[in-house]
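Pasting coords26.pdb here (PDB, C-alpha atoms and all ligand atoms):
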```pdb
ATOM      1  CA  MET A   1    -164.149 -37.064 104.764
ATOM      2  CA  LYS A   2    -161.196 -36.597 107.072
ATOM      3  CA  ILE A   3    -158.495 -34.881 105.079
ATOM      4  CA  GLY A   4    -154.855 -34.132 105.848
ATOM      5  CA  PHE A   5    -153.520 -31.238 103.756
ATOM      6  CA  ILE A   6    -149.750 -30.788 103.550
ATOM      7  CA  GLY A   7    -148.307 -27.726 101.829
ATOM      8  CA  LEU A   8    -150.414 -24.632 102.502
ATOM      9  CA  GLY A   9    -148.785 -22.098 100.184
ATOM     10  CA  ASN A  10    -150.269 -19.986  97.395
ATOM     11  CA  MET A  11    -152.193 -22.934  95.966
ATOM     12  CA  GLY A  12    -152.646 -25.275  98.935
ATOM     13  CA  ALA A  13    -154.156 -22.735 101.355
ATOM     14  CA  PRO A  14    -157.112 -21.726  99.136
ATOM     15  CA  MET A  15    -157.678 -25.351  98.031
ATOM     16  CA  ALA A  16    -157.824 -26.444 101.679
ATOM     17  CA  ALA A  17    -160.121 -23.515 102.503
ATOM     18  CA  ASN A  18    -162.565 -24.670  99.812
ATOM     19  CA  LEU A  19    -162.633 -28.168 101.349
ATOM     20  CA  VAL A  20    -163.356 -26.662 104.780
ATOM     21  CA  ALA A  21    -166.140 -24.531 103.263
ATOM     22  CA  ALA A  22    -167.642 -27.759 101.865
ATOM     23  CA  ARG A  23    -167.684 -29.120 105.457
ATOM     24  CA  HIS A  24    -164.882 -31.642 105.210
ATOM     25  CA  GLY A  25    -162.692 -32.032 108.304
ATOM     26  CA  VAL A  26    -159.299 -30.727 107.253
ATOM     27  CA  THR A  27    -156.093 -30.835 109.309
ATOM     28  CA  GLY A  28    -153.223 -29.000 107.662
ATOM     29  CA  PHE A  29    -149.466 -28.883 107.977
ATOM     30  CA  ASP A  30    -146.808 -26.658 106.422
ATOM     31  CA  VAL A  31    -143.199 -25.997 107.424
ATOM     32  CA  SER A  32    -143.816 -22.244 107.380
ATOM     33  CA  ALA A  33    -147.354 -21.151 106.407
ATOM     34  CA  ARG A  34    -150.108 -21.207 109.073
ATOM     35  CA  PRO A  35    -153.383 -20.124 107.494
ATOM     36  CA  GLU A  36    -156.053 -19.305 110.074
ATOM     37  CA  SER A  37    -158.845 -21.019 108.184
ATOM     38  CA  LEU A  38    -157.611 -24.511 109.210
ATOM     39  CA  THR A  39    -156.734 -26.710 112.143
ATOM     40  CA  ILE A  40    -152.946 -27.043 112.013
ATOM     41  CA  ALA A  41    -151.047 -30.154 113.157
ATOM     42  CA  ALA A  42    -147.546 -30.141 114.659
ATOM     43  CA  THR A  43    -146.126 -32.505 112.014
ATOM     44  CA  ALA A  44    -147.034 -33.880 108.589
ATOM     45  CA  ALA A  45    -147.411 -37.360 110.120
ATOM     46  CA  GLU A  46    -149.949 -36.034 112.616
ATOM     47  CA  ALA A  47    -151.977 -34.323 109.874
ATOM     48  CA  ALA A  48    -152.005 -37.606 107.925
ATOM     49  CA  ARG A  49    -152.603 -40.155 110.690
ATOM     50  CA  ASP A  50    -156.415 -40.641 110.698
ATOM     51  CA  ALA A  51    -157.118 -39.164 107.303
ATOM     52  CA  ASP A  52    -159.142 -40.860 104.552
ATOM     53  CA  VAL A  53    -157.268 -38.732 102.034
ATOM     54  CA  VAL A  54    -153.933 -36.945 102.433
ATOM     55  CA  ILE A  55    -153.458 -34.141  99.919
ATOM     56  CA  THR A  56    -150.006 -32.714  99.216
ATOM     57  CA  MET A  57    -149.362 -29.415  97.416
ATOM     58  CA  LEU A  58    -145.577 -29.016  97.544
ATOM     59  CA  PRO A  59    -142.816 -27.266  95.580
ATOM     60  CA  ASN A  60    -141.030 -30.224  93.927
ATOM     61  CA  GLY A  61    -140.419 -33.968  93.666
ATOM     62  CA  ASP A  62    -137.668 -34.167  96.307
ATOM     63  CA  ILE A  63    -139.890 -32.528  98.913
ATOM     64  CA  LEU A  64    -142.796 -34.756  97.866
ATOM     65  CA  ARG A  65    -140.586 -37.833  98.330
ATOM     66  CA  SER A  66    -139.507 -36.755 101.830
ATOM     67  CA  VAL A  67    -143.063 -35.888 102.921
ATOM     68  CA  ALA A  68    -144.372 -39.175 101.464
ATOM     69  CA  ALA A  69    -141.687 -41.132 103.361
ATOM     70  CA  GLU A  70    -142.888 -39.471 106.567
ATOM     71  CA  VAL A  71    -146.647 -39.846 106.111
ATOM     72  CA  ILE A  72    -147.019 -43.219 104.352
ATOM     73  CA  PRO A  73    -146.102 -45.278 107.458
ATOM     74  CA  THR A  74    -148.676 -43.417 109.577
ATOM     75  CA  MET A  75    -151.620 -43.509 107.146
ATOM     76  CA  GLN A  76    -154.456 -45.981 107.625
ATOM     77  CA  LYS A  77    -154.828 -48.870 105.148
ATOM     78  CA  GLY A  78    -157.012 -48.045 102.146
ATOM     79  CA  ALA A  79    -156.459 -44.287 102.498
ATOM     80  CA  VAL A  80    -155.488 -42.246  99.431
ATOM     81  CA  LEU A  81    -152.354 -40.152  99.051
ATOM     82  CA  LEU A  82    -153.379 -37.442  96.575
ATOM     83  CA  ASP A  83    -150.506 -35.334  95.294
ATOM     84  CA  CYS A  84    -151.609 -32.174  93.473
ATOM     85  CA  SER A  85    -148.106 -30.659  93.139
ATOM     86  CA  THR A  86    -146.327 -30.442  89.801
ATOM     87  CA  VAL A  87    -143.392 -32.863  90.042
ATOM     88  CA  ASP A  88    -141.348 -35.109  87.758
ATOM     89  CA  VAL A  89    -143.050 -38.238  86.451
ATOM     90  CA  GLN A  90    -140.548 -40.558  88.174
ATOM     91  CA  SER A  91    -141.185 -39.087  91.640
ATOM     92  CA  ALA A  92    -144.923 -39.571  91.113
ATOM     93  CA  ARG A  93    -144.393 -43.207  90.080
ATOM     94  CA  ASP A  94    -141.992 -43.949  92.953
ATOM     95  CA  VAL A  95    -144.291 -42.435  95.581
ATOM     96  CA  ALA A  96    -147.217 -44.416  94.139
ATOM     97  CA  ALA A  97    -145.198 -47.642  94.385
ATOM     98  CA  GLN A  98    -144.328 -46.918  98.030
ATOM     99  CA  ALA A  99    -147.954 -46.160  98.841
ATOM    100  CA  ASP A 100    -149.068 -49.349  97.115
ATOM    101  CA  ALA A 101    -146.553 -51.430  99.071
ATOM    102  CA  ALA A 102    -147.968 -49.974 102.310
ATOM    103  CA  GLY A 103    -151.576 -50.902 101.430
ATOM    104  CA  LEU A 104    -152.520 -47.368 100.404
ATOM    105  CA  MET A 105    -153.601 -45.907  97.081
ATOM    106  CA  ALA A 106    -151.907 -42.977  95.366
ATOM    107  CA  VAL A 107    -153.150 -40.475  92.814
ATOM    108  CA  ASP A 108    -150.983 -37.862  91.100
ATOM    109  CA  ALA A 109    -153.254 -34.994  90.125
ATOM    110  CA  PRO A 110    -151.437 -31.798  89.177
ATOM    111  CA  VAL A 111    -153.585 -28.807  88.366
ATOM    112  CA  SER A 112    -154.065 -26.146  85.777
ATOM    113  CA  GLY A 113    -155.706 -22.863  86.693
ATOM    114  CA  GLY A 114    -153.237 -21.076  88.973
ATOM    115  CA  ILE A 115    -153.883 -19.176  92.178
ATOM    116  CA  GLY A 116    -157.107 -17.662  90.822
ATOM    117  CA  GLY A 117    -158.448 -21.114  90.002
ATOM    118  CA  ALA A 118    -157.408 -22.451  93.410
ATOM    119  CA  SER A 119    -159.316 -19.653  95.190
ATOM    120  CA  ALA A 120    -162.386 -19.856  92.964
ATOM    121  CA  GLY A 121    -162.494 -23.678  93.047
ATOM    122  CA  THR A 122    -162.210 -23.846  89.265
ATOM    123  CA  LEU A 123    -158.989 -25.838  88.818
ATOM    124  CA  THR A 124    -158.589 -28.571  86.215
ATOM    125  CA  PHE A 125    -157.109 -31.795  87.629
ATOM    126  CA  MET A 126    -155.250 -34.309  85.466
ATOM    127  CA  ALA A 127    -154.990 -37.542  87.366
ATOM    128  CA  GLY A 128    -152.967 -40.755  87.296
ATOM    129  CA  GLY A 129    -153.585 -43.796  89.475
ATOM    130  CA  PRO A 130    -156.027 -46.671  90.017
ATOM    131  CA  GLN A 131    -159.665 -46.150  89.024
ATOM    132  CA  GLU A 132    -160.826 -46.981  92.575
ATOM    133  CA  ALA A 133    -158.647 -44.234  94.045
ATOM    134  CA  PHE A 134    -159.753 -41.740  91.381
ATOM    135  CA  ALA A 135    -163.413 -42.501  92.192
ATOM    136  CA  LYS A 136    -162.767 -41.953  95.910
ATOM    137  CA  VAL A 137    -161.185 -38.514  95.471
ATOM    138  CA  ASN A 138    -163.406 -37.344  92.594
ATOM    139  CA  PRO A 139    -165.867 -35.557  94.951
ATOM    140  CA  LEU A 140    -162.903 -33.523  96.239
ATOM    141  CA  PHE A 141    -161.951 -32.573  92.681
ATOM    142  CA  ASP A 142    -165.542 -31.315  92.251
ATOM    143  CA  ILE A 143    -165.052 -28.972  95.221
ATOM    144  CA  MET A 144    -161.563 -27.712  94.372
ATOM    145  CA  GLY A 145    -162.047 -27.660  90.615
ATOM    146  CA  GLN A 146    -164.413 -27.742  87.690
ATOM    147  CA  LYS A 147    -162.946 -30.611  85.698
ATOM    148  CA  ALA A 148    -160.940 -33.759  86.424
ATOM    149  CA  VAL A 149    -159.597 -36.085  83.745
ATOM    150  CA  HIS A 150    -158.414 -39.566  84.679
ATOM    151  CA  CYS A 151    -155.415 -39.857  82.372
ATOM    152  CA  GLY A 152    -154.168 -43.373  83.215
ATOM    153  CA  GLU A 153    -151.882 -45.127  85.678
ATOM    154  CA  ALA A 154    -149.424 -43.550  88.160
ATOM    155  CA  GLY A 155    -147.518 -40.639  86.621
ATOM    156  CA  ALA A 156    -150.055 -40.067  83.822
ATOM    157  CA  GLY A 157    -151.343 -36.892  85.474
ATOM    158  CA  GLN A 158    -147.833 -35.426  85.630
ATOM    159  CA  ALA A 159    -147.204 -36.494  82.032
ATOM    160  CA  ALA A 160    -150.360 -34.656  80.894
ATOM    161  CA  LYS A 161    -149.434 -31.572  82.903
ATOM    162  CA  ILE A 162    -145.928 -31.158  81.493
ATOM    163  CA  CYS A 163    -147.079 -31.828  77.923
ATOM    164  CA  ASN A 164    -149.831 -29.217  78.328
ATOM    165  CA  ASN A 165    -147.444 -26.663  79.788
ATOM    166  CA  MET A 166    -144.819 -27.336  77.142
ATOM    167  CA  ILE A 167    -147.453 -26.384  74.540
ATOM    168  CA  LEU A 168    -148.399 -23.351  76.642
ATOM    169  CA  GLY A 169    -144.800 -22.102  76.965
ATOM    170  CA  ILE A 170    -144.187 -22.535  73.254
ATOM    171  CA  THR A 171    -147.432 -20.836  72.170
ATOM    172  CA  MET A 172    -146.931 -17.952  74.597
ATOM    173  CA  ILE A 173    -143.475 -17.274  73.172
ATOM    174  CA  GLY A 174    -144.862 -17.530  69.624
ATOM    175  CA  THR A 175    -147.722 -15.164  70.443
ATOM    176  CA  CYS A 176    -145.375 -12.629  72.066
ATOM    177  CA  GLU A 177    -142.815 -12.633  69.279
ATOM    178  CA  ALA A 178    -145.612 -12.263  66.708
ATOM    179  CA  PHE A 179    -147.006  -9.205  68.559
ATOM    180  CA  ALA A 180    -143.507  -7.680  68.696
ATOM    181  CA  LEU A 181    -143.046  -8.302  64.965
ATOM    182  CA  ALA A 182    -146.507  -6.848  64.235
ATOM    183  CA  ASP A 183    -145.546  -3.698  66.196
ATOM    184  CA  LYS A 184    -142.449  -3.255  64.050
ATOM    185  CA  LEU A 185    -144.525  -3.758  60.910
ATOM    186  CA  GLY A 186    -146.848  -0.961  62.060
ATOM    187  CA  LEU A 187    -149.814  -3.269  62.614
ATOM    188  CA  ASP A 188    -152.312  -2.108  65.242
ATOM    189  CA  ARG A 189    -152.418  -4.557  68.189
ATOM    190  CA  GLN A 190    -156.204  -4.630  68.347
ATOM    191  CA  LYS A 191    -156.359  -5.505  64.640
ATOM    192  CA  MET A 192    -153.710  -8.177  65.184
ATOM    193  CA  PHE A 193    -155.857  -9.664  67.975
ATOM    194  CA  ASP A 194    -159.069  -9.422  65.940
ATOM    195  CA  VAL A 195    -157.476 -11.356  63.091
ATOM    196  CA  VAL A 196    -155.416 -13.964  64.964
ATOM    197  CA  SER A 197    -158.019 -14.744  67.630
ATOM    198  CA  THR A 198    -160.413 -15.811  64.858
ATOM    199  CA  SER A 199    -157.819 -17.279  62.475
ATOM    200  CA  SER A 200    -155.561 -20.297  62.449
ATOM    201  CA  GLY A 201    -152.975 -18.658  64.753
ATOM    202  CA  TYR A 202    -155.446 -18.639  67.659
ATOM    203  CA  SER A 203    -154.562 -20.316  70.945
ATOM    204  CA  TRP A 204    -155.339 -20.043  74.633
ATOM    205  CA  SER A 205    -152.342 -17.700  74.957
ATOM    206  CA  MET A 206    -153.873 -15.292  72.431
ATOM    207  CA  ASN A 207    -157.595 -15.732  73.039
ATOM    208  CA  ALA A 208    -157.866 -16.220  76.796
ATOM    209  CA  TYR A 209    -154.638 -14.762  78.193
ATOM    210  CA  CYS A 210    -153.616 -12.148  75.652
ATOM    211  CA  PRO A 211    -150.103 -10.865  76.521
ATOM    212  CA  ALA A 212    -150.817  -7.363  75.109
ATOM    213  CA  PRO A 213    -152.227  -4.871  77.673
ATOM    214  CA  GLY A 214    -155.700  -3.553  76.916
ATOM    215  CA  ILE A 215    -156.382  -6.166  74.249
ATOM    216  CA  GLY A 216    -158.707  -9.161  74.538
ATOM    217  CA  PRO A 217    -160.022 -10.420  77.884
ATOM    218  CA  GLN A 218    -158.601  -9.245  81.218
ATOM    219  CA  SER A 219    -155.226 -10.901  81.820
ATOM    220  CA  PRO A 220    -152.029 -10.273  83.838
ATOM    221  CA  ALA A 221    -150.886  -7.956  81.000
ATOM    222  CA  ASP A 222    -153.606  -5.565  82.223
ATOM    223  CA  ASN A 223    -152.131  -5.666  85.715
ATOM    224  CA  ASP A 224    -148.521  -4.769  84.915
ATOM    225  CA  TYR A 225    -147.717  -8.463  84.399
ATOM    226  CA  GLN A 226    -148.225  -9.382  88.065
ATOM    227  CA  PRO A 227    -148.630 -13.190  88.055
ATOM    228  CA  GLY A 228    -150.992 -15.008  87.229
ATOM    229  CA  PHE A 229    -148.657 -17.757  86.361
ATOM    230  CA  ALA A 230    -145.122 -16.681  87.186
ATOM    231  CA  ALA A 231    -142.334 -17.031  84.615
ATOM    232  CA  GLU A 232    -140.286 -19.094  87.089
ATOM    233  CA  LEU A 233    -143.123 -21.620  87.394
ATOM    234  CA  MET A 234    -143.257 -21.884  83.614
ATOM    235  CA  LEU A 235    -139.499 -22.463  83.662
ATOM    236  CA  LYS A 236    -139.954 -25.189  86.282
ATOM    237  CA  ASP A 237    -142.551 -26.971  84.133
ATOM    238  CA  LEU A 238    -140.491 -26.637  80.942
ATOM    239  CA  ARG A 239    -137.516 -28.152  82.775
ATOM    240  CA  LEU A 240    -139.697 -31.044  83.916
ATOM    241  CA  SER A 241    -140.860 -31.550  80.325
ATOM    242  CA  GLN A 242    -137.277 -31.647  79.022
ATOM    243  CA  GLN A 243    -136.168 -33.951  81.852
ATOM    244  CA  ALA A 244    -139.009 -36.315  80.883
ATOM    245  CA  ALA A 245    -138.105 -35.981  77.188
ATOM    246  CA  GLU A 246    -134.506 -36.969  78.000
ATOM    247  CA  VAL A 247    -135.623 -40.085  79.846
ATOM    248  CA  ALA A 248    -138.178 -41.021  77.159
ATOM    249  CA  ASP A 249    -135.757 -40.206  74.310
ATOM    250  CA  ALA A 250    -138.295 -37.843  72.717
ATOM    251  CA  ASP A 251    -137.249 -35.128  70.266
ATOM    252  CA  THR A 252    -138.702 -31.810  71.558
ATOM    253  CA  PRO A 253    -136.730 -28.984  69.912
ATOM    254  CA  MET A 254    -139.369 -26.297  70.523
ATOM    255  CA  GLY A 255    -139.750 -27.322  74.172
ATOM    256  CA  GLN A 256    -135.975 -27.161  74.538
ATOM    257  CA  LEU A 257    -135.842 -23.668  73.031
ATOM    258  CA  ALA A 258    -138.746 -22.487  75.196
ATOM    259  CA  GLN A 259    -136.900 -23.752  78.271
ATOM    260  CA  ALA A 260    -133.740 -21.871  77.244
ATOM    261  CA  LEU A 261    -135.676 -18.635  76.632
ATOM    262  CA  TYR A 262    -137.530 -18.784  79.954
ATOM    263  CA  ALA A 263    -134.243 -19.630  81.740
ATOM    264  CA  GLN A 264    -132.624 -16.534  80.233
ATOM    265  CA  PHE A 265    -135.684 -14.417  81.061
ATOM    266  CA  VAL A 266    -135.878 -15.572  84.695
ATOM    267  CA  GLU A 267    -132.198 -15.989  85.548
ATOM    268  CA  GLN A 268    -130.432 -13.280  83.539
ATOM    269  CA  GLU A 269    -133.120 -10.688  82.764
ATOM    270  CA  ASP A 270    -136.056  -9.232  84.715
ATOM    271  CA  GLY A 271    -138.502 -12.133  84.377
ATOM    272  CA  LYS A 272    -138.472 -13.439  87.942
ATOM    273  CA  GLY A 273    -141.675 -12.553  89.767
ATOM    274  CA  ARG A 274    -143.389 -11.440  86.560
ATOM    275  CA  ASP A 275    -146.137 -13.257  84.726
ATOM    276  CA  PHE A 276    -144.934 -15.636  81.999
ATOM    277  CA  SER A 277    -146.709 -13.442  79.414
ATOM    278  CA  ALA A 278    -144.195 -10.646  80.198
ATOM    279  CA  MET A 279    -142.238 -12.205  77.325
ATOM    280  CA  LEU A 280    -144.030  -9.570  75.199
ATOM    281  CA  PRO A 281    -142.339  -6.480  76.734
ATOM    282  CA  ARG A 282    -139.106  -8.501  76.584
ATOM    283  CA  PHE A 283    -139.390  -9.040  72.831
ATOM    284  CA  GLU A 284    -140.544  -5.422  72.329
ATOM    285  CA  THR A 285    -137.217  -4.064  73.537
ATOM    286  CA  ARG A 286    -135.042  -6.467  71.566
ATOM    287  CA  LYS A 287    -133.565  -6.379  68.097
ATOM    288  CA  ARG A 288    -132.842  -9.258  65.752
ATOM    289  CA  GLY A 289    -129.626 -11.202  66.312
TER
HETATM  290  P1  LIG B 301    -145.779 -22.294  97.365
HETATM  291  O1  LIG B 301    -144.301 -22.210  97.453
HETATM  292  O2  LIG B 301    -146.591 -21.059  97.568
HETATM  293  O3  LIG B 301    -146.316 -23.413  98.406
HETATM  294  C1  LIG B 301    -145.617 -24.576  98.747
HETATM  295  C2  LIG B 301    -145.753 -24.750 100.250
HETATM  296  O4  LIG B 301    -145.123 -25.976 100.629
HETATM  297  C3  LIG B 301    -145.065 -23.630 101.043
HETATM  298  O5  LIG B 301    -145.994 -23.017 101.916
HETATM  299  C4  LIG B 301    -143.962 -24.359 101.819
HETATM  300  O6  LIG B 301    -143.719 -23.819 103.101
HETATM  301  C5  LIG B 301    -144.537 -25.758 101.890
HETATM  302  N1  LIG B 301    -143.537 -26.786 102.152
HETATM  303  C6  LIG B 301    -142.282 -26.880 101.646
HETATM  304  N2  LIG B 301    -141.671 -27.972 102.149
HETATM  305  C7  LIG B 301    -142.551 -28.572 102.967
HETATM  306  C8  LIG B 301    -142.510 -29.732 103.780
HETATM  307  N3  LIG B 301    -141.425 -30.528 103.819
HETATM  308  N4  LIG B 301    -143.615 -30.046 104.532
HETATM  309  C9  LIG B 301    -144.706 -29.251 104.488
HETATM  310  N5  LIG B 301    -144.822 -28.134 103.740
HETATM  311  C10 LIG B 301    -143.748 -27.810 102.999
HETATM  312  O7  LIG B 301    -146.106 -22.943  95.946
HETATM  313  P2  LIG B 301    -147.520 -22.955  95.175
HETATM  314  O8  LIG B 301    -147.581 -21.815  94.225
HETATM  315  O9  LIG B 301    -148.616 -23.156  96.183
HETATM  316  O10 LIG B 301    -147.339 -24.259  94.275
HETATM  317  C11 LIG B 301    -147.485 -25.569  94.821
HETATM  318  C12 LIG B 301    -147.384 -26.578  93.685
HETATM  319  O11 LIG B 301    -148.404 -26.301  92.731
HETATM  320  C13 LIG B 301    -146.063 -26.542  92.920
HETATM  321  O12 LIG B 301    -145.689 -27.859  92.603
HETATM  322  C14 LIG B 301    -146.389 -25.748  91.672
HETATM  323  O13 LIG B 301    -145.572 -26.079  90.577
HETATM  324  C15 LIG B 301    -147.827 -26.153  91.442
HETATM  325  N6  LIG B 301    -148.627 -25.174  90.685
HETATM  326  C16 LIG B 301    -148.592 -23.862  91.020
HETATM  327  C17 LIG B 301    -149.354 -22.948  90.298
HETATM  328  C18 LIG B 301    -149.345 -21.476  90.636
HETATM  329  O14 LIG B 301    -149.851 -20.684  89.828
HETATM  330  N7  LIG B 301    -148.815 -21.065  91.791
HETATM  331  C19 LIG B 301    -150.153 -23.403  89.245
HETATM  332  C20 LIG B 301    -150.205 -24.767  88.951
HETATM  333  C21 LIG B 301    -149.419 -25.651  89.691
END
```
The structure in this file should be written as structure tokens.
Amino acid sequence: MKIGFIGLGNMGAPMAANLVAARHGVTGFDVSARPESLTIAATAAEAARDADVVITMLPNGDILRSVAAEVIPTMQKGAVLLDCSTVDVQSARDVAAQADAAGLMAVDAPVSGGIGGASAGTLTFMAGGPQEAFAKVNPLFDIMGQKAVHCGEAGAGQAAKICNNMILGITMIGTCEAFALADKLGLDRQKMFDVVSTSSGYSWSMNAYCPAPGIGPQSPADNDYQPGFAAELMLKDLRLSQQAAEVADADTPMGQLAQALYAQFVEQEDGKGRDFSAMLPRFETRKRG
């Protein structure tokens, strides 16, 4: 396939490199990054012009909207605009409607798996859009990831992503505060892990990404909390979840509290640039009240 790839940052560059390694013709564009593994176009429109699929991997919904407005008029009829960024549900729906009006198909397919998953080609994609478009891009999901779930119509991928990450933010905070409480109760961390990871308190945060250094599988906690998944990205996703909850009139008190805690951690404490599991050393140093 001929692929245009727009947004070649931490995630986009390794995803594009995996497509090149699988012998797809990839032309990339980014306003600042210029990875050597790809042919680079002078503009986003040029990268998109003859492509069968245009993939975007961008920071937010506003940037997605502006890039989509630039590339949609140049794309060939029947081509697919595949956005893998994490953006608000409304931006995904609006971009899909514009693509549809121009005779194109759109898929929103945000990812789970982080930079490690992007490099290893083991991302999970959660996709929204027409079945025909999903079928067309599915072989690309197989290259860049290990699992793709077609979640429904336009915006459904973003909806799945922010619901998943709202659970993740909440469970990570719960896991970290429980470790900090266990410390103060004199409970050995390894024993705490041995019990919880095989009891009803288990979760991905505990079992697969344990926030306590030296306990459980290798995780960012074992690497001085270098991300991994940065606390500011968790904050971004929690904000998107609460923005969606506002619009949908959904009651999400735990999501709201998780957003407030990550905002405090990133904007007023030392959380920026640290993994989101660095909530554990944060709780360790705090007292009640
Ligand atoms: P990043 O900031 O490293 O990359 C974004 C790239 O987009 C940058 O290189 C930037 O120069 C480029 N860009 C910005 N405006 C542009 C424009 N108008 N035209 C072309 N390029 C433009 O971010 P990232 O970590 O690669 O994340 C990308 C997306 O993936 C985000 O939506 C993020 O929420 C999501 N995501 C990231 C992770 C992660 O662990 N990093 C995990 C899951 C999802």
message: Please list as number ranges by chain every residue within 10 Å of Glu177 in chain A, counting only C-alpha atoms and excluding residues in the same chain fewer than 6 positions away.
response: A: 171, 183, 279-284
query: Of the candidates A:Met126, A:Ala135, A:Val87, A:Ala221, which one gets nearest to Leu238 in chain A if we count all atoms listed in the file?
result: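 Checking each candidate against Leu238 in chain A, we get A:Val87 as the closest.
Proximity ranking of A:Gly103, A:Gly273, A:Gly214, A:Pro227 relative to ligand LIG 301 (chain B) places A:Pro227 first, based on all atoms listed in the file.
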Per residue of chain A within 7 Å of ligand LIG 301 (chain B), note the shortest atom pair and the distance in Å to one decimal, counting only C-alpha atoms and all ligand atoms, and order the rows by chain and increasing residue number, as a tab-separated table.
```
residue	atom	partner	partner_atom	distance
A:Ile6	CA	B:LIG301	C9	5.4
A:Gly7	CA	B:LIG301	O4	3.8
A:Leu8	CA	B:LIG301	O5	4.7
A:Gly9	CA	B:LIG301	O3	3.3
A:Asn10	CA	B:LIG301	O9	3.8
A:Met11	CA	B:LIG301	O9	3.6
A:Gly12	CA	B:LIG301	O9	5.3
A:Phe29	CA	B:LIG301	C9	5.9
A:Asp30	CA	B:LIG301	N5	3.6
A:Val31	CA	B:LIG301	N5	4.6
A:Ser32	CA	B:LIG301	O6	4.6
A:Ala33	CA	B:LIG301	O5	5.0
A:Ala44	CA	B:LIG301	N4	6.5
A:Met57	CA	B:LIG301	C11	5.0
A:Leu58	CA	B:LIG301	O4	4.4
A:Pro59	CA	B:LIG301	O12	4.2
A:Asn60	CA	B:LIG301	O12	5.4
A:Ile63	CA	B:LIG301	N3	5.5
A:Ser66	CA	B:LIG301	N3	6.8
A:Val67	CA	B:LIG301	N3	5.7
A:Cys84	CA	B:LIG301	O11	6.7
A:Ser85	CA	B:LIG301	O12	3.7
A:Thr86	CA	B:LIG301	O12	3.9
A:Val87	CA	B:LIG301	O12	6.1
A:Pro110	CA	B:LIG301	C21	6.5
A:Val111	CA	B:LIG301	C20	5.3
A:Ser112	CA	B:LIG301	C20	5.2
A:Gly113	CA	B:LIG301	C19	6.1
A:Gly114	CA	B:LIG301	O14	3.5
A:Ile115	CA	B:LIG301	O14	4.9
A:Gly228	CA	B:LIG301	O14	6.3
A:Phe229	CA	B:LIG301	O14	4.7
A:Ala230	CA	B:LIG301	O14	6.7
A:Leu233	CA	B:LIG301	O13	6.0
```
statement: From CA of Asn18 in chain A to CA of Ser119 in chain A the spacing works out at 7.6 Å
message: Can you spell out as a VMD selection string the set of residues that the PyMOL selection byres (((chain A and resi 190-205) around 8) and not hetatm) selects in the structure I just provided?
response: chain A and resid 168 171 to 172 175 179 182 187 to 189 206 to 211 215 to 216
task: Can you give me, as a list of chain:residue names, the residues this file yields under the PyMOL selection byres (((chain A and resi 240) around 10) and not hetatm)?
output: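 On this input, the PyMOL selection byres (((chain A and resi 240) around 10) and not hetatm) captures A:Thr86, A:Val87, A:Asp88, A:Val89, A:Gln158, A:Ala159, A:Lys161, A:Ile162, A:Cys163, A:Asn165, A:Met166, A:Met234, A:Leu235, A:Lys236, A:Asp237, A:Leu238, A:Arg239, A:Ser241, A:Gln242, A:Gln243, A:Ala244, A:Ala245, A:Glu246, A:Gln259.
Relative to CA of Glu70 in chain A, CA of Val54 in chain A is found at 12.1 Å.
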field: Shortest interatomic distance to Ala97 in chain A - which of A:Ala69, A:His24, A:Ala178, A:Gly289, counting only C-alpha atoms
entry: A:Ala69
Write out as a tab-separated table (two decimals) with C-alpha atoms, keeping the file's coordinate frame the residues lying within 8 Å of Arg274 in chain A, counting only C-alpha atoms and excluding same-chain residues fewer than 3 positions away.
```
chain	number	residue	atom	x	y	z
A	225	TYR	CA	-147.72	-8.46	84.40
A	226	GLN	CA	-148.22	-9.38	88.06
A	227	PRO	CA	-148.63	-13.19	88.06
A	230	ALA	CA	-145.12	-16.68	87.19
A	231	ALA	CA	-142.33	-17.03	84.62
A	270	ASP	CA	-136.06	-9.23	84.72
A	271	GLY	CA	-138.50	-12.13	84.38
A	278	ALA	CA	-144.20	-10.65	80.20
```
- request: Find the distance between CA of Phe5 in chain A and CA of Val53 in chain A and write it in Å to one decimal.
  value: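 Atom-to-atom, CA of Phe5 in chain A and CA of Val53 in chain A are spaced 8.6 Å apart.
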- prompt: Phe134 in chain A: which residues within 12 Å, counting all atoms listed in the file, same-chain residues fewer than 4 positions away excluded, as a PyMOL selection string?
  reply: chain A and resi 53+79-83+105-109+125-130+138-142+148-154+157
- prompt: Which is closer to Ala51 in chain A than all the others in A:Arg34, A:Lys2, A:Arg65, A:Arg288, using all atoms listed in the file?
  reply: A:Lys2
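Considering all atoms listed in the file, the residue among A:Leu185, A:Ala102, A:Ile170, A:Ala118 positioned nearest to Thr252 in chain A is A:Ile170.
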